[in-house]
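The block underneath contains the structure these notes are about, expressed in structure tokens.
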Amino acid sequence: MIATVSPAANNIEETLSTLRYASQARMIVNIAKVNEDMNAKLIRELKAEIEKLKAAQRNNRNIDPERYRLCRQEITSLRMKLHQQERDMAEMQRAWKEKFEQAERRKLQETKELQKAGITFQMDNHLPNLVNLNEDPQLSEMLLYMIKEGTTTVGKYKPNSSHDIQLSGVLIADDHCTIKNFDGIVSIIPVGEAKTYINGKHILESTVLHHGDRVILGGDHYFRFNHPVEVQKGKRPSSRDTLISEGPKDFEFAKNELLIAQRSQLEAEIKEAQLRAKEEMMQGIQIAKKMAQQELSSQKAAYESKIKALEAELKEEAQRKKMQEINNQKANDKIEELEKAKQQLEQEIYVNKKRLEMETLAAKQALEDHSIRHARILEALETEKQKIAKEVQILQQNQSNRDKTFLIQTNWSSMKLSMMIQEANAISHKFKKCYVFGRHDVSDKGNSSDTYVRVRNLQLGISTFWSLEKFESKLAAMKELYESNNNNKSDDVFCDPEDEWEPDITNAPVSSFSRRR
């Protein structure tokens with residue numbers, strides 16, 4: 001080592017420390033160690049030992065026979081160990097080769113599965129593809145689905161599914177659609193009633209895709225179609241799409257496009273829900289009126305029968321009095337003895353007669369009061385019926401003049417609610433439940449309205465109403481149950497002990513409704 005020492009007295013400690021370290025450093029010896037495999041090292045040592053023994057054999061011809069025999073045995077043993085090590089090395093190499101081939105096959109299989117899920121490791125700039133669009137910009141354009149030459153199938157994700165593109169979701173059918181790519185022309189064909197939208201339009205037959213088209217599958221999977229060949233050839237989207245928007249074709253663009261295209265359907269659904277709610281209220285009033293009339297008739301008949309019974313009892317008492325008078329006239333010889341009894345009997349008869357007359361009068365008065373009360377109820381029901389009829393007429397007039405006086409707010413929430421109701425009905429049908437979900441709009445005296453989700457139990461003929469927040473939480477639990485495919489806890493999801501159920505008067509007859517009351 002090279003070090004600097006100083007003769008100054010103030011540097012004596014540093015100088016002594018440096019010299020002391022130099023004295024220790026000259027004792028250091030570096031030993032080079034080769035990093036080699038243990039098996040290779042053992043083979044090398046065994047071969048060196050064999051060569052050493054062979055050299056000793058050549059140099060010592062006059063060795064003792066017994067020692068020579070022991071050396072031969074040792075050599076044979078070392079050779080056997082060497083052959084065993086070579087066989088172990090060959091077996092190990094074969095096992096590693098098999099594991100490597102198995103890992104390559106597993107990697108290839110996992111790559112295919114990831115491609116079905118939209119994760120592509122190798123990008124082909126000549127094949128068309130679908131790129132995902134998400135409400136979160138950070139999650140948009142993260143999944144890429146390649147459209148191969150020929151036919152590409154799209155369906156629900158299942159463990160043993162053979163579809164080229166697999167998507168999850170309640171509204172995704174088992175066989176959703178088919179994408180064909182022949183001679184650079186890509187077309188999409190929906191299967192059955194699977195919901196498929198191209199640029200916001202619901203398609204029912206084969207449709208040709210162009211670069212930049214927005215593809216929506218099942219209502220909640222948004223994609224943008226890319227066709228590199230069309231871009232290279234200089235083809236551009238139609239002038240109509242250019243006039244719609246020159247901005248980026250992102251999730252907001254596709255969502256607004258779908259809302260504009262489906263606005264008429266949403267308005268029809270909202271109008272139908274409002275009119276259905278009014279009709280159900282009218283039907284409920286009619287049923288209540290019929291029940292009130294039936295109850296009034298039954299009570300009237302009961303009071304009339306009671307009055308007839310009292311009149312019959314009064315007649316019987318009069319006849320008994322008449323017979324008593326006749327007997328008194330015939331018993332002249334006992335007039336004096338029976339005079340007191342006669343007076344007492346007449347007094348009892350008079351009291352009973354007064355009592356019967358008072359009971360009859362009270363029954364008639366109760367019947368008249370009950371009739372008056374039910375007449376008032378019927379009058380109130382008739383007034384409410386006329387009021388609701390006026391409201392229905394006003395609603396229909398407002399609906400016909402909605403462009404001038406009342407505009408239905410068709411927004412993303414209405415579209416989303418429609419999709420959520422379809423998902424809930426699909427899950428209920430999947431688990432073979434008797435629950436049907438529908439939209440229910442309630443209008444107040446003004447132009448505003450409240451939206452609820454109506455839950456109907458078709459088996460029991462009852463229904464209840466959920467708020468939108470409760471319906472969203474219940475739908476999340478339904479989706480989790482649907483993904484886990486656990487039918488044991490499905491009743492807990494569809495039924496809430498805190499729900500207040502009422503008879504479903506949509507299809508229930510009057511007799512069954514009265515029995516539930």
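The chains in the structure tokens are called A, B, ... from first to last as shown; in each chain the residues are counted from 1, and the ligands are counted from 1 in the order shown.
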
**OP:** Just list the residues in stretch 190-266 of chain A DSSP gives helix (DSSP H, G or I) on the backbone, as a PyMOL selection string.
**Re:** chain A and resi 228-233+239-244+251-261+263-266

Subject >> All residues 12 Å or closer to A:Thr153, only C-alpha atoms, same chain fewer than 3 positions away omitted, as a PyMOL selection string >> reply: chain A and resi 116+145-150+156-157+161-167+173-181+187-191

Save out the residues we just selected, N, CA and C atoms, as a CSV table (one decimal), in the first residue's frame.
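Listing of part-v7.csv after writing:
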```csv
chain,number,residue,atom,x,y,z
A,116,LYS,N,-57.6,-14.1,-24.5
A,116,LYS,CA,-59.1,-14.1,-24.5
A,116,LYS,C,-59.6,-13.0,-23.6
A,145,TYR,N,-58.1,-6.6,-27.7
A,145,TYR,CA,-58.6,-7.9,-28.3
A,145,TYR,C,-58.3,-7.9,-29.8
A,146,MET,N,-57.5,-8.9,-30.2
A,146,MET,CA,-57.1,-9.0,-31.6
A,146,MET,C,-58.2,-9.8,-32.4
A,147,ILE,N,-58.6,-9.3,-33.6
A,147,ILE,CA,-59.5,-9.9,-34.4
A,147,ILE,C,-58.7,-10.7,-35.5
A,148,LYS,N,-58.7,-12.0,-35.3
A,148,LYS,CA,-57.9,-12.9,-36.2
A,148,LYS,C,-58.6,-13.0,-37.6
A,149,GLU,N,-57.9,-13.6,-38.6
A,149,GLU,CA,-58.5,-13.9,-39.9
A,149,GLU,C,-59.5,-15.0,-39.7
A,150,GLY,N,-60.7,-14.8,-40.3
A,150,GLY,CA,-61.7,-15.9,-40.2
A,150,GLY,C,-62.8,-15.4,-39.2
A,156,LYS,N,-69.7,-15.4,-22.9
A,156,LYS,CA,-69.5,-15.3,-21.4
A,156,LYS,C,-68.3,-16.0,-21.0
A,157,TYR,N,-67.6,-15.5,-20.0
A,157,TYR,CA,-66.4,-16.1,-19.4
A,157,TYR,C,-66.9,-17.3,-18.6
A,161,SER,N,-64.8,-22.6,-21.4
A,161,SER,CA,-65.3,-21.9,-22.6
A,161,SER,C,-64.3,-21.9,-23.7
A,162,SER,N,-64.8,-22.1,-25.0
A,162,SER,CA,-63.9,-22.1,-26.1
A,162,SER,C,-64.0,-20.8,-26.9
A,163,HIS,N,-64.6,-19.8,-26.4
A,163,HIS,CA,-64.8,-18.5,-27.1
A,163,HIS,C,-63.4,-17.8,-27.2
A,164,ASP,N,-63.2,-17.1,-28.4
A,164,ASP,CA,-61.9,-16.4,-28.5
A,164,ASP,C,-61.9,-15.2,-27.6
A,165,ILE,N,-63.0,-14.5,-27.4
A,165,ILE,CA,-63.1,-13.3,-26.5
A,165,ILE,C,-64.1,-13.6,-25.5
A,166,GLN,N,-63.7,-13.6,-24.2
A,166,GLN,CA,-64.6,-13.9,-23.1
A,166,GLN,C,-64.8,-12.7,-22.2
A,167,LEU,N,-66.1,-12.4,-22.0
A,167,LEU,CA,-66.4,-11.2,-21.2
A,167,LEU,C,-67.3,-11.6,-20.0
A,173,ALA,N,-74.4,-12.8,-23.0
A,173,ALA,CA,-75.0,-14.1,-23.3
A,173,ALA,C,-73.9,-15.2,-23.4
A,174,ASP,N,-74.3,-16.4,-23.2
A,174,ASP,CA,-73.3,-17.5,-23.4
A,174,ASP,C,-72.6,-17.5,-24.8
A,175,ASP,N,-73.4,-17.3,-25.8
A,175,ASP,CA,-72.9,-17.0,-27.2
A,175,ASP,C,-73.5,-15.7,-27.6
A,176,HIS,N,-72.6,-14.6,-27.4
A,176,HIS,CA,-73.1,-13.2,-27.6
A,176,HIS,C,-73.2,-12.8,-29.1
A,177,CYS,N,-72.0,-12.9,-29.7
A,177,CYS,CA,-71.9,-12.4,-31.1
A,177,CYS,C,-70.8,-13.1,-31.8
A,178,THR,N,-70.7,-12.9,-33.1
A,178,THR,CA,-69.6,-13.5,-33.9
A,178,THR,C,-69.0,-12.3,-34.8
A,179,ILE,N,-67.7,-12.3,-34.8
A,179,ILE,CA,-67.0,-11.3,-35.6
A,179,ILE,C,-66.3,-12.0,-36.7
A,180,LYS,N,-66.5,-11.6,-38.0
A,180,LYS,CA,-65.9,-12.2,-39.1
A,180,LYS,C,-65.0,-11.3,-39.8
A,181,ASN,N,-63.8,-11.8,-40.2
A,181,ASN,CA,-62.7,-11.0,-40.8
A,181,ASN,C,-62.3,-11.7,-42.1
A,187,SER,N,-67.0,-7.7,-40.1
A,187,SER,CA,-68.5,-7.6,-39.8
A,187,SER,C,-68.8,-8.3,-38.5
A,188,ILE,N,-69.8,-7.8,-37.8
A,188,ILE,CA,-70.3,-8.3,-36.5
A,188,ILE,C,-71.7,-8.8,-36.6
A,189,ILE,N,-72.0,-10.0,-36.1
A,189,ILE,CA,-73.3,-10.6,-36.2
A,189,ILE,C,-73.8,-11.0,-34.8
A,190,PRO,N,-74.8,-10.4,-34.2
A,190,PRO,CA,-75.3,-10.7,-32.9
A,190,PRO,C,-76.0,-12.1,-33.0
A,191,VAL,N,-75.9,-12.8,-31.8
A,191,VAL,CA,-76.5,-14.2,-31.7
A,191,VAL,C,-77.8,-14.1,-30.9
```

**OP:** Work out how far atom CA of A:Ala261 is from atom CA of A:Gly200, in Å to one decimal.
**Re:**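 Going from atom CA of A:Gly200 over to atom CA of A:Ala261 covers 5.5 Å.
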
**OP:** Find the residues near A:Ile43: any atom within 8 Å, counting only C-alpha atoms, skip ones fewer than 4 places away on the same chain, and give them as JSON, numbers by chain.
**Re:** {"A": [39, 47, 82, 85]}

For the residues selected in the previous step, produce a file with C-alpha atoms as a PDB file, in the first residue's frame.
```pdb
ATOM      1  CA  ASN A  39     -21.294 -32.432  -8.976  1.00  0.00           C
ATOM      2  CA  LYS A  47     -10.922 -38.339 -11.922  1.00  0.00           C
ATOM      3  CA  LEU A  82     -18.177 -41.766 -11.259  1.00  0.00           C
ATOM      4  CA  GLN A  85     -22.668 -39.384 -10.785  1.00  0.00           C
TER       5      GLN A  85
END
```

**OP:** Could you tell me which of A:Asn327, A:Gln319, A:Gln397, A:Ser168 comes closest to A:Tyr482 if we count only C-alpha atoms?
**Re:**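 Between A:Asn327, A:Gln319, A:Gln397, A:Ser168, the residue approaching A:Tyr482 most closely is A:Ser168.
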
Subject >> Expected answer as a PyMOL selection string: strand (DSSP E) residues in stretch 64-245 of chain A >> reply: chain A and resi 129-133+144-146+150-156+165-167+175-182+185-190+196-198+201-202+207-209+214-217+221-226

**OP:** Find the spatial neighbours of A:Lys479, counting only C-alpha atoms, within a cut-off of 12 Å - ignore same-chain residues fewer than 5 positions away - and output them as a ChimeraX atom specification.
**Re:** /A:168-171,420,423-428,430-431,472-474,484-486,490,493-494

**OP:** Tell me which of A:Ala55, A:Ile307, A:Leu133, A:Leu378 sits closest to A:Glu359, counting only C-alpha atoms.
**Re:** A:Ile307

**OP:** Find the distance between atom CA of A:Gln283 and atom CA of A:Glu382 and write it in Å to one decimal.
**Re:**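 Distance between the two atoms: 12.6 Å.
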